[in-house]
Structures are given as C-alpha cells and as structure tokens.
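> Just dropping this structure here.
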There are 2 protein chains.
Amino acid sequence: MKSEQVKRLFSPQPTAVVGASDRSMWALSVKRNLEADGHAAFAVNAKGGTFDGAPSHVDLASIPADVGLSFVVTNNAEEALAASAAAGIASLVVIGAGFAEAGEAGQRRQQELITAARAASQIILGPNNMGFVNFAENFAAFAQPVPPVRRGGVGFASQSGGFAAAALDYAHAKDVGLSHVITLGNEAMVDVVDCIDYFIDHPACRVIALFIETIRNPRDFMVAARRAFEAGKPIVACRIGGSESGSRAAAAHTGGLATDDRIIDAAFRQCGVVRVPSVEDMLLTAAVLDEYGILPGSRVGALSPSGAVGGIIGDLSDLHAISLPAFGAEAQRRLREEVLPEFAAIGNPLDFTAYVMVKPDLMPQSAGVLRDDPELEVVIFACVTCAPQTEAAAPMLGRLISSVVDQFRDSSKPLILMDFVDAGRTPYARSYRVERGLPYILPSIEKGIPALGRAMWWSERYRGGLGGRASGAAGRLEVAGASGNWSEAQARALLASAGVPVVPAVVARSGTEAVAAAQRFGEPVALKLVSPDVAHKSDIGGVRLNVSGDDAVRAAWEAVSAAGASVAGARVDGVLVSPMRRDGVELLVGVVRDPQWGLVLAVGLGGIWVEIMEDSALRILPVDRREIRSMLGELKGKGLLEGARGRMPADMDKLVDTIAAIGDLAVRLGDRIDAIEVNPLLVHGDRIEALDALVTWNEAADQQTENTGKDLP
Amino acid sequence: MKSEQVKRLFSPQPTAVVGASDRSMWALSVKRNLEADGHAAFAVNAKGGTFDGAPSHVDLASIPADVGLSFVVTNNAEEALAASAAAGIASLVVIGAGFAEAGEAGQRRQQELITAARAASQIILGPNNMGFVNFAENFAAFAQPVPPVRRGGVGFASQSGGFAAAALDYAHAKDVGLSHVITLGNEAMVDVVDCIDYFIDHPACRVIALFIETIRNPRDFMVAARRAFEAGKPIVACRIGGSESGSRAAAAHTGGLATDDRIIDAAFRQCGVVRVPSVEDMLLTAAVLDEYGILPGSRVGALSPSGAVGGIIGDLSDLHAISLPAFGAEAQRRLREEVLPEFAAIGNPLDFTAYVMVKPDLMPQSAGVLRDDPELEVVIFACVTCAPQTEAAAPMLGRLISSVVDQFRDSSKPLILMDFVDAGRTPYARSYRVERGLPYILPSIEKGIPALGRAMWWSERYRGGLGGRASGAAGRLEVAGASGNWSEAQARALLASAGVPVVPAVVARSGTEAVAAAQRFGEPVALKLVSPDVAHKSDIGGVRLNVSGDDAVRAAWEAVSAAGASVAGARVDGVLVSPMRRDGVELLVGVVRDPQWGLVLAVGLGGIWVEIMEDSALRILPVDRREIRSMLGELKGKGLLEGARGRMPADMDKLVDTIAAIGDLAVRLGDRIDAIEVNPLLVHGDRIEALDALVTWNEAADQQTENTGKDLP
C-alpha cells in the first residue's frame with residue numbers, strides 16, 4: 001500500500017544523511033534539525049572524516065542502528081538508492097537536482113531512479129526538493145534552518161522547495177500553527193495527491209494547504225480533494241504560474257475558454273477547494289479554518305474603536321461576500337440605552353469613538369450586545385494587539401482585548417480578532433496571547449477580511465455539501481458514423497435524441513423545398529449549408545439569415561448551395577431551413593476534451609459576451625444539476641437570464657435540464673467525443689432551443705482520458 | 001495668505017499644551033514627543049499643579065516664551081481659542097471631539113469656532129484629530145507615541161487620526177521614509193487640499209500620500225492635484241468607505257453610473273492621482289516613488305533564485321501591467337555562453353536554480369547582463385534580506401545582495417529589491433541596508449509588484465503629461481425654452497447644432513407624412529412619440545421599431561399618437577420617423593451634474609453592456625480628446641469598437657470628436673444643464689449617429705456648481 005509507505009516516510013525514525021559534508025549547508029541543516037528534536041542523524045560519507053564535529057560513517061552498513069530514512073544530499077542519488085536498498089532502508093528524501101526539471105536526459109535519469117526504487121519497494125520524496133518537517137511529531141528532515149513555527153493543524157505541501165522556507169518564515173511571523181510542511185520537488189513518486197491522502201489520515205492535520213504550480217494527476221486530485229472535503233478537512237490552495245498572457249486570449253469557442261488555469265479553477269470550485277492568490281493568503285485562510293473551525297455563517301458584526309477601520313472593514317467585506325447586516329432591534333436598543341453615549345451613531349461596523357477613553361467598559365459591553373444579537377453569526381474585533389510604538393502600552397492593550405474576548409468565553413459565536421495593520425508582533429504580544437488563551441489574531445484587516453471571507457465560503461459549501469458527480473447519464477452511447485466534424489444537421493439529430501430541444505428545421509434539397517419550409521415555419525427564415533466537410537459555414541457564405549419572401553428564399557437556397565459547391569471536394573447534402581428567432585438570450589454550451597482533465601463543460605453568455613468579456617463558467621464532467629445552477633450563477637451577465645430590465649426571465653429548471661442533457665450526452669459518448677458545441681442555445685422564457693451545433697469526434701479514442709464518472713465517488 | 005498660515009502651523013515652534021493633565025495620555029504624548037526633539041512644550045492648566053513632573057502654567061499669558069502653537073487637549077476649545085488669540089497665538093491644534101462629527105449641535109459649535117478663529121486670524125488643525133508630525137524638521141505635535149519612523153520624502157495626510165497611528169507603525173515596520181504625517185479630523189479650516197499645497201511647497205516632501213474618506217472641495221482638490229502632478233510630486237491616495245452596496249447597483253442611465261466612488265476614481269485618474277486599495281499599498285507605492293523616482297518604463301527583467309518566485313512575479317506582473325519581455329539576443333547569448341550552466345533555461349523571470357550554490361558569481365553576473373540589456377528598463381531582484389530563521393545567515397545574505405546591487409552602482413537603470421514574503425525585518429537587516437547604502441527593499445513580492453506597477457503607471461502618465469482640461473468649448477451657449485425635459489425632437493436639434501451627428505428624422509404630423517418619410521428614408525423605420533411631457537416614451541407604447549410597408553407605417557403612426565394622447569395632460573407634437581439602423585455598436589454617452597463635482601461625462605457600451613456589466617468610464621468635465629480616448633480604452637468591451645471578430649472597426653477619431661462635441665456642449669451650457677443623455681450613439685465604422693437623446697435642464701441654475709473649466713489650469 002502506497003499510503004503505508006508514505007506514512008512511514010514521514011514518521012520519526014533514525015535517519016542517515018547520505019553525502020554529509022561540512023561544506024554542505026543542506027546536510028548540516030538536516031542533521032541539526034533532526035538532533036534538535038532528539039532524533040538520531042547518522043552522517044554517511046564514503047571518504048569518512050568528520051561531519052559537524054563528529055566522525056562520519058563510511059557507508060550505511062556501518063551504522064549501528066536501525067535506520068528508516070535516507071536523506072540523500074549527494075548528487076549520486078542512484079548509488080545512495082542502491083546502498084539504501086541493500087541496507088533495508090525503504091524511505092528516501094533526494095534533494096539533488098538534475099532530474100526531470102533538467103531536460104530529456106534528466107527525465108530519463110528520473111525514470112530510471114523510479115524504476116529502481118519500485119523494484120526495491122522503496123519510496124522517494126523529491127528529487128529536487130528540501131525535505132519535510134513533521135511538526136506534529138517533532139521530526140524535521142529538512143535541508144534548511146526551520147524557524148520556531150508554532151505547532152498547529154495546518155498541513156502544508158509545496159511543490160517549491162525554495163519558497164517553502166519563505167512560507168515557514170511567514171507562518172512563524174504570523175503565528176500560523178502547522179502540523180507539517182512537505183516539499184515535493186519533481187514529485188517522482190510522492191505527489192500532492194499523496195500528501196492530501198496522508199493529511200486526511202493524520203489526526204494532527206485539520207486543514208490542508210497547497211502551494212502548487214501543476215497538477216500531474218488531475219483525476220486523482222479530484223478524488224482526493226473530495227475525500228478531504230467529506231472528511232471535513234478544508235483544502236486551501238495557491239496555484240501559481242497560470243497567467244501567461246497567451247492562455248487568457250479571448251476566444252469564442254469552448255476550447256479557447258478552457259485554459260489550463262481556468263480548468264484548475266473550475267476543478268477547485270467543484271471539489272470545495274478554496275483558491276487563494278498568494279502563499280500569504282493560503283497560510284492565513286488555513287489558519288482561520290484551523291483556529292476557528294467551520295464558521296456558522298457570513299452575517300458578521302464588526303467592532304472597532306475607529307470610524308476609518310469600520311470603513312476599511314466595510315469595503316473589504318463587500319469584496320469578499322461578508323454581510324454586515326443592521327443590528328437587531330433589541331441589540332440597537334441596548335446599545336442606545338445601556339451602552340453607548342447619546343451622540344453615538346449605531347451602525348455596523350460599530351465605532352466606539354474616543355468615548356471609550358472615558359468609559360472603558362464600553363468595549364466589553366458592546367461586544368456582549370453583539371454576542372447576544374441573533375442577527376449576527378460571527379463577530380469581528382479589530383484591535384491593536386501590539387505594535388512597535390506601543391510596547392509600553394502593551395499590557396493595557398492586552399487587558400482591553402481580554403475584556404472583549406472574555407465576553408465570548410461561554411458563547412458558541414466565534415469572535416475573530418485582527419490587528420489594524422501588519423506592523424509585526426512583539427514577543428510580549430505573542431506570549432500574552434498564549435498566556436491568556438486568546439484566540440488566533442489575524443495580522444491585519446487587509447489580510448484578515450479576505451481570509452475570513454474565504455473561510456466562510458468553505459464553511460458554507462461544507463454545510464451544503466458538494467454537488468454530486470453522479471449525473472443522469474446512463475450507459476455508454478454508441479453512434480454510427482462518428483468521425484470527423486459533424487454538420488449541423490447531424491449534430492441536431494444527435495442532440496435531439498439526447499433530449500436537447502433544437503429549433504425546428506428541414507433539409508431542403510431544392511429551392512422549392514426551401515420555399516415550402518419557409519411557408520410552413522413562417523418567415524423570416526435562416527438557410528444554412530449542410531456539409532460534413534465545412535465546419536465554419538458562415539465563413540464561406542454558407543449562411544443566410546432573416547430571409548423573407550418566396551423569391552428571396554429561393555435565391556438564398558441557390559446562393560448557399562453555390563457557396564457549398566465552391567469548396568473543392570466538399571460534399572453538399574442540401575440546405576437547412578429553419579425559422580428565425582428574434583428574442584432571447586444567447587448562451588454557448590460546450591464540451592471540450594482536455595488532455596489531462598478529460599471532458600470539460602463550458603457555459604457562457606453567447607455572442608459578444610463570451611468573445612469580449614470572457615464570461616463563462618467551467619466544470620469537469622460529470623456534474624449534477626446543482627453544480628450547473630452554480631455555473632449559471634457565476635456568469636457576470638446572469639442578470640440577463642434573471643429578467644433584468646424587463647426581459648423575460650429564463651425558465652431556470654428547463655435551462656439546467658437542457659445543459660445537463662448536453663453534459664450527459666458527452667459523458668455517455670465518453671472517449672469517442674472530442675467536442676460538442678451548442679452556439680447559440682437561445683433562451684427566451686421557457687422556449688429554450690439549440691439554434692446551431694457542432695460535434696467533433698475523437699479520431700484517436702483514448703481510453704486513458706475517458707471520464708464517465710464511474711471511477712469517482 | 002492661507003498657505004502662509006498653514007506653513008506656520010506646521011513649523012517647529014514653542015508650543016503650549018492647553019489642558020495638560022497627567023490623566024491625559026494625549027497631553028503626555030504631545031509633551032514627550034516635542035521634548036524628545038528638543039522643542040519647548042509648556043503645560044497650561046487653569047488649576048496649576050504639575051504635569052509630567054514639572055509645574056504647569058495657569059494660563060498662556062504666564063508662559064515666559066514666544067509660543068507659536070496651542071495644542072488644545074481640553075474639551076473647552078472655545079476658551080482655549082480665545083486665550084490663544086489674546087496671547088497672540090495664531091496656530092492651533094484642537095483634538096477634541098463633539099464637533100461636526102456629532103450631529104447638528106456639533107456642526108453649529110464647529111461653525112462658531114471657525115468664525116471666531118477667522119476673526120482673530122487664527123488657523124485650526126482639526127478638531128477631532130491627533131495632531132501632526134513634521135519629520136523633516138523634527139517637530140512632533142502628535143497626541144500618540146510616535147514610532148521611530150525613518151525620515152524620507154513621503155508627506156502623509158490622513159483624515160483619520162486613530163488609523164494614522166497604525167499607518168505610522170506600518171511605515172516604521174516596512175522602512176518607509178516620511179517627511180510628515182498630518183491628521184485632519186473634521187477639516188474645519190485645514191483640509192486635504194491645504195495639505196497637498198503645503199506638501200508641494202515643502203522641499204523635503206517628494207511624494208504625497210492621502211488616506212481619505214471624503215473630498216470636501218472636489219474642484220479645489222482637482223486644481224491642487226494637477227499642480228502636484230505638474231510639480232512632479234506624485235499623489236498616492238487610498239479612499240475608503242465608498243462601497244455601500246446601494247451605490248453599486250446596476251443602472252442604465254448616466255446618473256446611476258456616476259456614483260460617488262466612481263466619480264472620485266475618475267477624478268483621480270484624470271489628475272494623475274494613483275489610487276490604491278489600502279493604507280499599506282499607499283505607503284509602499286509612495287515609498288517606491290520616493291526611493292526610486294520616476295521609473296523609465298514598464299519593461300522589466302526579473303532575477304530570482306527560485307522558479308516559484310518567478311511564477312509569482314509573472315502572475316502579479318500580468319495583473320499590474322508590468323511587462324516581462326524576452327531578453328535581447330545579446331543578453332541571451334551572454335547568459336547562455338558566459339554565465340549560466342548548460343542545462344539552465346533562459347527566461348524572464350530568470351531563475352538561477354541551485355547552481356548558484358556552486359557558482360555564487362552567477363548572481364552578480366546575471367544582474368550585469370540584465371543591466372546591459374536594452375530590452376529592459378527596470379530590473380527586479382527578489383531576495384531574502386533577512387528572516388527570523390536566517391539571522392545567522394544574514395551577513396552572507398547581505399553580501400549576496402550587495403554583490404547584485406554593486407552591479408547597478410553606475411547604471412541609470414533602476415534595480416528594485418523585494419523580499420520574498422513579509423516575515424518582518426531584523427534589526428541587522430535594517431542596519432546593513434543603511435551601512436551598505438542599499439536601495440529601499442519592498443517587504444514582499446505580494447505587496448511589491450503591485451506597488452511597482454502603480455509607480456510605473458504614474459511614471460508613464462508623468463512622461464506623457466496630463467490631458468488638458470481645456471476643451472474645444474468656446475463661449476457660453478444660451479438656449480431658448482431651456483426648462484424641464486426636452487423631447488427627442490428638441491434634443492436632436494440641440495445636439496446637431498453642436499456638431500453631434502444624429503440619425504435623419506422628420507416629425508410626421510399625419511400618417512401620410514409618416515409614409516412619405518418612410519419611403520424617403522427606406523424601410524424599415526422607427527416611429528417615436530414627440531412630447532415634451534413624456535420622458536420615457538417606450539414605457540407608454542410611444543415607440544414602434546422595425547416598421548415596413550405603407551399600411552404598417554400608417555398604423556404605427558396612429559398607435560404612437562394614440563399612446564401620447566392617452567397620457568393625461570401630455571402635449572403631443574407629432575411622431576418622429578427615422579430609418580432603422582441594424583449594424584453597429586451601441587454606446588451610451590451622457591453628462592450628469594453631480595452636486596459636488598459639477599458636470600460629469602459618462603461613456604459606456606450601451607444596452608445590456610452598461611445595464612448588466614456596468615461597463616462605463618467617467619470624467620469630470622471639461623476633458624480633452626486624449627482623455628476621451630483613454631475613456632474608450634477603459635471599457636471592458638472596447639474590443640467591439642476595435643473590430644473584434646470581424647466587426648467593422650470604429651472610426652476612433654470621429655467617435656472621439658463626437659463625444660467631445662457632447663462634452664463641449666454641456667460645458668458651454670454650464671449651470672443651465674442638468675443632464676444630457678445620448679443613448680444609443682450607434683457606431684458603425686465611420687457612421688456615427690445619435691439614435692435617441694434626452695436633455696434635462698437645471699431648473700435651479702446654481703452658479704456655484706458651474707464648471708466651464710475657466711477657473712482651472
């Protein structure tokens with residue numbers, strides 16, 4: 001079992017530092033980190049000699065103890081691996097570079113290392129990393145100095161080794177409690193998914209923090225992320241490097257919408273992973289979730305001794321979906337009659353003003369009123385815990401904060417503390433917090449409100465549960481003639497058979513047939529070329545819109561047919577005639593196959609919306625109806641569907657059903673399908689119709705990328 | 001001269017602390033702050049006694065020195081003011097509350113105080129503030145402890161007194177050098193505009209930082225801001241409290257677009273004021289501008305010892321309009337052949353990888369290559385200057401940083417330093433920076449890149465100069481019958497006379513006239529009610545669009561006339577007939593009068609764009625053509641005008657001229673006009689036409705709010 005191997009890898013055990021030399025700061029750091037916690041660290045150097053003042057062992061065999069972990073600092077990882085195998089050591093950390101990150105030769109070298117390790121039932125962390133720290137069990141197999149981070153519930157995995165050290169500095173400085181830090185490097189054998197699984201099973205870890213550039217096994221990642229969610233362990237992830245300008249270029253087709261970073265964003269959303277823009281936000285959001293647990297709601301009352309602070313809290317709350325409702329009637333009465341001076345304005349955020357200098361009880365009393373107000377689910381208290389200038393005033397500030405905190409000792413309502421600005425925290429403030437048992441204090445309002453808003457987002461999702469991955473799709477669908485691009489006429493039939501409403505149409509094989517169809521549908525009509533060989537028919541003049549009158553219809557039929565005939569080698573199977581639709585909102589609904597993630601569903605407002613505003617939402621298939629409803633809610637232009645400014649509101653149930661039918665069709669086609677694009681899907685009240693569609697079949701059907709959802713929970 | 005009064009107020013001088021008592025922490029802070037810099041601080045207390053261990057004076061008259069400033073901590077500001085006048089003291093700081101911030105009675109009290117001060121040629125800072133610190137001249141008349149902030153070129157004015165202390169803590173912690181901090185409180189006599197003027201004239205101030213909630217004199221603010229810009233002193237402003245959900249509600253008319261916060265945003269943009277979202281960003285952006293001066297461009301080369309850091313820099317640069325171009329050919333050659341190991345990937349940001357451990361010269365050498373690369377205008381070096389864990393390693397880190405900095409000693413290309421994360425800076429790092437003459441070091445990449453991007457925005461504006469406020473408007477325009485709402489027919493004529501192209505139309509007084517007009521224009525046509533009494537004619541059925549055929553035109557004329565007749569008391573002046581326009585992009589161009597800011601020009605993409613996406617740009621009138629072009633560039637949907645996806649690109653010169661004509665018309669009408677709305681202005685290549693328009697006259701023309709631009713530079 002890999003999970004057992006991973007667990008053993010990260011467990012405290014006697015460790016050999018292979019390639020130990022006083023010239024290696026890495027080796028020195030590993031030894032000193034291990035010994036600082038009372039663990040044995042045996043230096044191994046083929047040349048013997050001393051290391052950090054003690055004699056080295058010439059090989060692993062000569063170590064007089066049962067070594068469990070080889071921490072390899074030498075560049076000759078291959079030799080260290082073989083020697084470890086011979087010595088019965090199954091766990092290794094290989095920090096050296098020159099593997100998959102260094103071109104093709106390095107990739108081959110890494111593959112050979114993996115093969116050798118597998119043959120000997122060994123597991124390797126890295127290569128090209130910095131090791132790990134198991135804070136929960138005081139075991140720091142880490143090749144850099146480790147700051148005195150507080151022990152806590154945040155399990156942190158980082159693909160970057162170099163930046164992990166900076167993250168540890170930040171965690172220490174902001175008092176974030178960690179259970180682990182694991183640096184993954186090239187992820188040759190242990191990847192971010194293994195870390196999630198390990199953290200889920202580790203009792204000391206309550207929140208999972210990820211700092212990643214890439215997700216190597218997307219589908220495993222989604223399974224693990226959903227398992228973490230179900231286990232009540234939030235994942236907070238910072239993904240960097242997704243911003244190449246190229247990938248963000250506007251595009252009007254599904255493939256263009258589904259860029260790498262947007263798919264990751266969708267997958268995170270779908271699995272309840274909190275995405276954050278920076279490693280700082282990652283640590284602080286994780287700290288809020290670790291220290292305060294699941295938050296009961298987003299209705300917040302804010303207390304502060306400054307009007308400006310109230311303004312800052314208001315602006316940021318607005319941005320981060322935190323609601324600051326008016327206080328309840330009884331709370332307002334108590335504040336007015338029992339607590340605040342006559343001239344005070346009662347608002348949320350509540351500003352004490354300078355009157356607190358006259359009546360210090362005003363702070364705890366106000367806090368008590370907010371605690372009792374049923375309109376509020378959470379209370380924020382913004383305060384100055386300890387800044388450089390106030391070292392002398394620190395005890396007084398501490399007492400003031402305690403007086404507010406004490407009001408919440410017996411309350412289930414969370415009181416969130418945050419400093420005004422991040423000017424650093426003095427040793428006194430740190431120790432006072434621990435001595436008085438104060439809750440975690442966020443380092444600033446600027447960082448604190450976003451962290452709180454994100455923690456609330458996760459809490460709300462957790463209360464509601466994730467949308468199921470089970471779609472309505474039943475059984476695999478086999479389709480005859482599934483190859484190349486399907487013309488609109490063929491695609492229409494496939495969609496209709498799957499329960500997707502399509503606009504009425506007939507294929508007219510003559511001008512006379514076209515006129516008859518136009519008369520039947522009512523004019524004006526649209527005429528479009530039917531040819532399996534022309535994907536973008538409007539580009540070659542194969543589309544005529546808004547045609548009225550028999551002569552005009554006949555002429556349009558001729559023109560469209562001629563346009564088809566003008567394309568060398570293109571088969572022309574007639575002209576599709578359908579009624580023009582005027583009113584309604586155009587949606588684009590598409591499915592595209594991503595090589596890593598499999599089938600991705602995209603929903604966007606059509607036409608210029610998706611072209612210019614890039615207004616679309618993505619999900620990895622399969623998805624259920626609730627998730628589709630969320631997608632529609634993410635659209636910037638959703639007001640158009642809701643009936644903004646006198647428009648007819650969309651029949652949302654029917655719209656969700658229609659989109660689900662498209663998604664289910666794709667799932668049932670599985671690896672056969674490359675892309676389905678319904679553009680536009682016209683929505684006008686409960687008249688929802690596909691006006692045009694394109695299906696592209698996957699010529700090289702690849703079972704590896706099939707996602708029918710069956711392998712997912 | 002007020003400027004002389006303000007200058008004297010902030011100058012070092014013997015100071016009386018009026019109302020001094022050992023129970024007042026404020027009074028104690030003022031005295032100790034002043035005395036710490038060697039200034040005389042005379043305690044005044046009517047009861048005599050001692051203060052901070054020395055005898056107090058019973059009144060101002062008994063002070064044996066020439067006092068220049070009364071720092072009033074007593075609540076009886078009125079008495080202190082009178083006593084100061086009697087003692088010949090012209091400058092006062094009044095920190096007490098209970099004035100304009102405390103309801104009507106307080107407002108009256110404040111007005112009386114101002115009247116008394118004016119009568120005695122006195123000036124008051126406050127009330128309801130914390131005083132000020134003139135760091136440049138070592139004079140701290142400040143009622144809170146002052147942290148040991150480094151002296152520098154940032155002049156900081158804050159409307160909040162309480163939060164200013166936190167800002168000082170932040171400035172100290174992040175090594176931001178200040179010339180002043182001035183807390184303004186209620187701004188009874190000294191406001192943010194006076195501070196800007198004072199900072200412009202003060203030689204120690206190079207950058208102006210503002211923390212504000214409101215701008216009491218918008219037009220004076222704009223004059224002062226433009227003056228600061230012309231003087232080469234950037235203003236960096238954080239405006240808080242503008243986020244009330246209500247003000248952001250979508251609205252399809254100009255008035256709805258021009259919310260308080262959006263107007264301030266437009267005014268800032270127009271005057272070259274850098275807007276920042278937080279006080280932290282304010283201080284760091286100001287520090288970059290102070291320490292590095294005007295930046296030569298936005299083409300940046302980044303150096304860092306970590307791939308992850310490169311990814312973070314890339315993502316943030318993308319968000320903040322910083323360009324990371326490929327290195328020039330010669331730079332690439334040098335890096336490949338002379339500096340980096342064979343396996344290294346050469347990209348921007350440049351990642352040294354761990355090879356720097358083997359070859360430490362790699363860092364300065366790479367830096368030298370980037371310094372010499374003509375493709376780059378600025379170089380960023382992300383480094384770890386000193387974190388808690390690396391206190392021991394600090395000297396080595398310091399030498400490393402110096403080796404890079406030394407490469408730029410004789411170069412005019414700026415080298416911007418930033419720490420990886422803000423884990424606090426050790427005393428060693430602070431002193432090392434000063435000893436070695438290192439440039440300013442931003443506290444983190446997360447905060448540093450946005451600060452740099454904003455400094456580059458200002459620098460670019462400065463190089464280009466502000467758009468002029470001189471518009472093409474010449475002379476005041478008098479219009480007969482200017483009252484109420486003008487119908488489309490009247491508004492059309494006014495616009496046309498001002499050079500705004502309008503769609504052809506005739507007023508048809510009978511169905512027959514309408515048919516004749518339709519035949520002349522070509523069908524289909526639009527028919528619209530002409531009535532001065534119906535502002536929203538489509539709401540009452542007074543609009544028929546897409547009408548074709550004589551009978552249909554006649555019927556539409558009847559229907560529209562009947563709709564007008566159905567409105568009790570409405571005059572009906574006929575029906576406007578105009579040709580339907582199909583193609584083109586709809587813009588909304590409007591002018592609205594804001595009670596504070598005067599006439600505001602709004603340009604947005606019309607229809608659903610402005611309704612749902614709130615996609616619009618604002619400017620305070622008058623504006624020149626360059627500024628109008630910038631407005632169009634700010635629209636999210638600007639791609640529509642640029643010919644995205646096969647559309648016809650707009651004739652931008654003609655479009656700018658048309659919008660300028662609307663703005664100029666408003667300026668010439670001045671205080672007579674309340675609103676002009678052209679909606680839509682249809683743009684199709686060089687066919688630009690107003691399809692509908694509404695003019696609302698200002699019934700209570702108020703000379704105070706007129707802005708013809710004549711009083712502006």
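By convention in this document, the chains of the structure tokens carry letters A, B, ... by their order, each chain's residues are numbered from 1, and ligands are numbered from 1 in the order they are shown.
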So that I can check the secondary structure, give me every residue of stretch 473-677 of chain A assigned strand (DSSP E or B) by backbone DSSP, as a ChimeraX atom specification.

/A:485-486,502,506-508,525-529,543-547,575-579,585-594,598-605,616-620,673-677

> For the residues selected in the previous step, produce a file with C-alpha atoms as a short mmCIF file (atom, residue, chain, number, x, y, z; two decimals), in the first residue's frame.


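Below is the file selection-v9.cif, written as the result:
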data_model
loop_
_atom_site.label_atom_id
_atom_site.label_comp_id
_atom_site.auth_asym_id
_atom_site.auth_seq_id
_atom_site.Cartn_x
_atom_site.Cartn_y
_atom_site.Cartn_z
CA ASN A 485 -16.78 17.05 -37.73
CA TRP A 486 -20.49 16.61 -37.88
CA VAL A 502 -33.48 22.17 -31.11
CA VAL A 506 -35.82 20.75 -42.55
CA VAL A 507 -33.14 19.95 -45.08
CA ALA A 508 -34.26 21.44 -48.37
CA VAL A 525 -36.13 32.06 -42.02
CA ALA A 526 -32.46 31.10 -41.87
CA LEU A 527 -30.81 28.99 -44.55
CA LYS A 528 -27.57 27.14 -43.78
CA LEU A 529 -25.38 24.84 -45.78
CA VAL A 543 -25.43 31.04 -44.14
CA ARG A 544 -28.30 33.42 -44.98
CA LEU A 545 -30.29 34.93 -42.15
CA ASN A 546 -33.58 36.84 -41.97
CA VAL A 547 -34.82 35.78 -45.36
CA VAL A 575 -29.64 23.43 -47.19
CA LEU A 576 -31.12 23.56 -43.70
CA VAL A 577 -34.13 25.87 -43.41
CA SER A 578 -35.30 26.98 -40.01
CA PRO A 579 -37.36 29.84 -38.58
CA VAL A 585 -30.58 35.45 -24.60
CA GLU A 586 -27.86 33.57 -26.44
CA LEU A 587 -25.88 31.04 -24.46
CA LEU A 588 -22.90 29.00 -25.52
CA VAL A 589 -22.88 25.49 -24.09
CA GLY A 590 -19.90 23.40 -24.99
CA VAL A 591 -17.97 20.34 -24.01
CA VAL A 592 -14.30 20.00 -24.80
CA ARG A 593 -11.77 17.28 -24.08
CA ASP A 594 -8.74 18.40 -22.10
CA GLY A 598 -10.94 14.85 -19.59
CA LEU A 599 -14.31 16.28 -20.62
CA VAL A 600 -14.91 19.86 -19.54
CA LEU A 601 -18.29 21.59 -19.71
CA ALA A 602 -18.37 25.30 -20.53
CA VAL A 603 -21.39 27.57 -20.22
CA GLY A 604 -21.20 31.19 -21.27
CA LEU A 605 -23.33 34.02 -22.48
CA SER A 616 -18.14 31.76 -18.91
CA ALA A 617 -18.10 29.07 -16.26
CA LEU A 618 -16.44 25.68 -16.46
CA ARG A 619 -16.81 22.31 -14.74
CA ILE A 620 -15.15 18.96 -15.13
CA ILE A 673 -16.22 12.64 -28.36
CA ASP A 674 -13.74 15.48 -28.77
CA ALA A 675 -16.07 18.45 -28.61
CA ILE A 676 -19.75 19.38 -28.62
CA GLU A 677 -20.68 22.98 -29.11
#

> For a quick test of understanding: name the residues of chain A lying within 7 Å of chain B when counting only C-alpha atoms, and present them as a count of residues only.

36

> Can you tell me, as JSON, numbers by chain, what residues are no more than 12 Å from A:Ala491 when counting only C-alpha atoms, ignoring any on the same chain fewer than 4 positions away?

{"A": [479, 481, 482, 483, 484, 485, 486, 487, 495, 496, 497, 498, 500, 502, 530, 531, 532, 535, 662, 665, 675, 676, 677, 678, 679, 690, 691, 692, 693, 694, 695, 696, 697]}

> Tell me which of A:Trp557, A:Pro203, A:Gly131, A:Val6 sits closest to A:Met189, counting only C-alpha atoms.

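Going through A:Trp557, A:Pro203, A:Gly131, A:Val6 one by one, the smallest distance to A:Met189 is for A:Val6.
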
> Which residues are close to B:Ser403, i.e. within 8 Å by only C-alpha atoms, leaving aside same-chain residues fewer than 4 positions away? Reply as a PyMOL selection string.

chain B and resi 363-364+399+407

> List as a ChimeraX atom specification the protein and nucleic acid residues near B:Thr658, meaning an atom at most 9 Å away when only C-alpha atoms are counted, but skip any in the same chain fewer than 3 places from it.

/B:499-501,653-655,661-663,688-689

> So that I can check the surroundings of B:Ser304, please list as a list in words every protein, DNA and RNA residue that reaches within 8 Å of it, counting only C-alpha atoms and ignoring chain neighbours fewer than 3 positions away.

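That gives Gly307, Val309, Gly310, Pro349, Leu350, Asp351, Phe352, Phe381, Ala382 and Cys383 of chain B.
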